[in-house]
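Q: Before anything else, here's the structure in question.
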Amino acid sequence: MDNHKSLFGIGLRREHYPYLIEKPNTDIDWFEVISENYMNTEGRPMSVLESIRIDYPIACHSVGMSLGSSKKIDSNYLFNLKRLIKRVDPFLVSDHLAWNDWNGTRLHELIPIPFHEESLEIIANNIDYVQNELQRKIAIENISAYFSYTSSTMNEAEFLKSLTEKTGCLILLDINNIYVNAKNFQFDPLDFIKTIPKNSIAQIHLAGFTDMGNFLFDTHAEPVHPEVWNLLEKSLDFLPKNIPMMIEWDENVPEFHTLQEELNKLRMITKSGNKNETKRTTEFVL
Ligand SMILES: [Fe+2]
């Protein structure tokens, strides 16, 4: 994963296993996998992943670390994640700014956290612990949320910025989540992006939301909306060059070629947005 062509990826979904196992020529540069789908398994998912890993770089994206929990991160979980990392040698490991561990039961949703000094301390400690255990930096993703806490003293972007300063962690910036939250909570999405330290941004997510009429719902069930493409284009000056970007599509997963077409849109937008760039680096560093 070390040249400028290796920038555009998609999420690996089981619906595409039969297609990918035939080793077709694709113009996908890399795949992101949901770590939990491949931890504790020696079955088909793992054998498909190992086959795909021969041809593509992989990023490991977790949903179950529960970094926002006030109790210690589950050591058994980390043990299994370490095993997966050893097997697939991902170029990036990430999870969300959220919690979902309810006394040992994993909730299906990523629950937001309040943004204040006390929660900052807790989550920074959790990230320190994970980074120490994994012996690598991890990237933290901003989530879509449908409620907020009156106890918050800062916004999510300021909170993420403080986390990078305290822990040296990286940021996985989800442009769709920023847009959804900006609409639902009425803030300027570009202000959010400008607040995140450019050199901490290690990966970009794009996805489709569903317009519920009185709010936007982050379903990952549709193509990326024009407003989100537009926000990405406006954000390019505030993002590192040659950063891995990908499309997430989790519900009503379409044929593989539809994702390739979405990825082509992404290629076009980043190319035109960077047209004034005369000198581009050929490597990015994680
Ligand atoms: Fe995301």
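We label chains A, B, ... in the order they appear in the structure tokens, count residues from 1 in each chain, and number ligands from 1 in the order shown.
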Please tabulate, as a Markdown table, the residues of chain A that come within 8 Å of ligand 1, each with its closest pair of atoms and the distance in Å to one decimal, counting only C-alpha atoms and all ligand atoms and ordering rows by chain, then residue number upward.
A:
| residue | atom | partner | partner_atom_place_in_ligand_line | distance |
| --- | --- | --- | --- | --- |
| A:Glu141 | CA | ligand 1 | 1 (Fe) | 6.8 |
| A:Asn142 | CA | ligand 1 | 1 (Fe) | 7.6 |
| A:Ile143 | CA | ligand 1 | 1 (Fe) | 7.0 |
| A:Leu172 | CA | ligand 1 | 1 (Fe) | 7.9 |
| A:Leu173 | CA | ligand 1 | 1 (Fe) | 7.6 |
| A:Asp174 | CA | ligand 1 | 1 (Fe) | 5.0 |
| A:Asn176 | CA | ligand 1 | 1 (Fe) | 7.5 |
| A:Asn177 | CA | ligand 1 | 1 (Fe) | 6.9 |
| A:His205 | CA | ligand 1 | 1 (Fe) | 5.0 |
| A:Leu206 | CA | ligand 1 | 1 (Fe) | 6.7 |
| A:Ala207 | CA | ligand 1 | 1 (Fe) | 7.1 |
| A:Glu248 | CA | ligand 1 | 1 (Fe) | 6.7 |
Q: Using only C-alpha atoms, find each residue of region 43-88 of chain A with at least one atom at most 10 Å away from an atom of region 131-135 of chain A; report its shortest atom-to-atom pair and that distance in Å (one decimal), sort the rows by chain and rising residue number, and return the result as a Markdown table.
A:
| residue | atom | partner | partner_atom | distance |
| --- | --- | --- | --- | --- |
| A:Ser75 | CA | A:Glu133 | CA | 9.3 |
| A:Leu78 | CA | A:Glu133 | CA | 7.7 |
| A:Phe79 | CA | A:Glu133 | CA | 8.9 |
| A:Leu81 | CA | A:Leu134 | CA | 8.6 |
| A:Lys82 | CA | A:Leu134 | CA | 6.5 |
| A:Ile85 | CA | A:Leu134 | CA | 8.7 |
Q: Could you pull out the residues in region 30-257 of chain A that DSSP calls helix (DSSP H, G or I) from the backbone, as a PyMOL selection string?
A: chain A and resi 35-37+44-55+75-88+117-134+156-167+175-185+189-195+198-200+226-238+256-257
Q: Looking at only C-alpha atoms, which of A:Asp95, A:Asp27, A:Glu42, A:Glu15 is the one that sits closest to Leu170 (chain A)?
A: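 Residue with the minimum atom-to-atom distance to Leu170 (chain A): A:Asp95.
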Q: List every residue of region 60-212 of chain A that DSSP, applied to the backbone of this structure, assigns to strand (DSSP E), and report them as a ChimeraX atom specification.
A: /A:60-61,92-96,99-102,105-111,139-141,170-174,201-207,210-211
Q: Mind writing the picked residues with C-alpha atoms as a PDB file, in the first residue's frame?
A:
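The result, stored in result_21.pdb:
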ATOM      1  CA  CYS A  60      -9.342  -3.710   9.646  1.00  0.00           C
ATOM      2  CA  HIS A  61     -12.349  -1.719  10.868  1.00  0.00           C
ATOM      3  CA  LEU A  92      -4.839   0.505   9.128  1.00  0.00           C
ATOM      4  CA  VAL A  93      -6.783  -0.567  12.228  1.00  0.00           C
ATOM      5  CA  SER A  94      -9.757   1.530  13.287  1.00  0.00           C
ATOM      6  CA  ASP A  95     -12.871   1.772  15.478  1.00  0.00           C
ATOM      7  CA  HIS A  96     -15.439   4.414  16.415  1.00  0.00           C
ATOM      8  CA  TRP A  99     -19.505   2.668  23.117  1.00  0.00           C
ATOM      9  CA  ASN A 100     -21.621  -0.490  22.760  1.00  0.00           C
ATOM     10  CA  ASP A 101     -20.469  -2.829  25.547  1.00  0.00           C
ATOM     11  CA  TRP A 102     -23.339  -3.088  28.062  1.00  0.00           C
ATOM     12  CA  THR A 105     -23.331  -7.647  26.035  1.00  0.00           C
ATOM     13  CA  ARG A 106     -22.489  -6.095  22.695  1.00  0.00           C
ATOM     14  CA  LEU A 107     -25.263  -3.685  21.652  1.00  0.00           C
ATOM     15  CA  HIS A 108     -26.021  -3.523  17.942  1.00  0.00           C
ATOM     16  CA  GLU A 109     -25.820   0.240  17.768  1.00  0.00           C
ATOM     17  CA  LEU A 110     -22.826   2.514  18.268  1.00  0.00           C
ATOM     18  CA  ILE A 111     -23.875   4.744  21.169  1.00  0.00           C
ATOM     19  CA  ALA A 139      -7.720   5.462  13.780  1.00  0.00           C
ATOM     20  CA  ILE A 140     -10.893   6.727  15.449  1.00  0.00           C
ATOM     21  CA  GLU A 141     -14.013   7.349  13.355  1.00  0.00           C
ATOM     22  CA  LEU A 170      -5.257   8.826  13.891  1.00  0.00           C
ATOM     23  CA  ILE A 171      -8.655   9.886  12.559  1.00  0.00           C
ATOM     24  CA  LEU A 172     -10.908   8.002  10.166  1.00  0.00           C
ATOM     25  CA  LEU A 173     -13.072  10.800   8.836  1.00  0.00           C
ATOM     26  CA  ASP A 174     -16.544   9.735   7.678  1.00  0.00           C
ATOM     27  CA  ILE A 201      -6.449  12.015   9.041  1.00  0.00           C
ATOM     28  CA  ALA A 202      -5.577   8.519   7.857  1.00  0.00           C
ATOM     29  CA  GLN A 203      -8.650   7.369   5.944  1.00  0.00           C
ATOM     30  CA  ILE A 204     -11.943   8.638   4.528  1.00  0.00           C
ATOM     31  CA  HIS A 205     -15.354   6.920   4.530  1.00  0.00           C
ATOM     32  CA  LEU A 206     -18.218   7.772   2.203  1.00  0.00           C
ATOM     33  CA  ALA A 207     -21.667   6.176   2.304  1.00  0.00           C
ATOM     34  CA  THR A 210     -31.654   7.728   3.864  1.00  0.00           C
ATOM     35  CA  ASP A 211     -33.781  10.862   4.050  1.00  0.00           C
TER      36      ASP A 211
END
Q: Find the residues near Ile58 (chain A): any atom within 9 Å, counting only C-alpha atoms, skip ones fewer than 6 places away on the same chain, and give them as an NGL selection string.
A: :A and (1 or 30-33 or 52 or 88-92)
Q: Have a look at CA of Ile138 (chain A) and CA of Asn80 (chain A) and let me know their distance in Å, one decimal.
A: 15.9 Å
Q: Between A:Pro226, A:Gly64, A:Leu190, A:Lys183, single out the one closest to Gly213 (chain A), counting only C-alpha atoms.
A: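 For Gly213 (chain A), the nearest of the given residues is A:Lys183.
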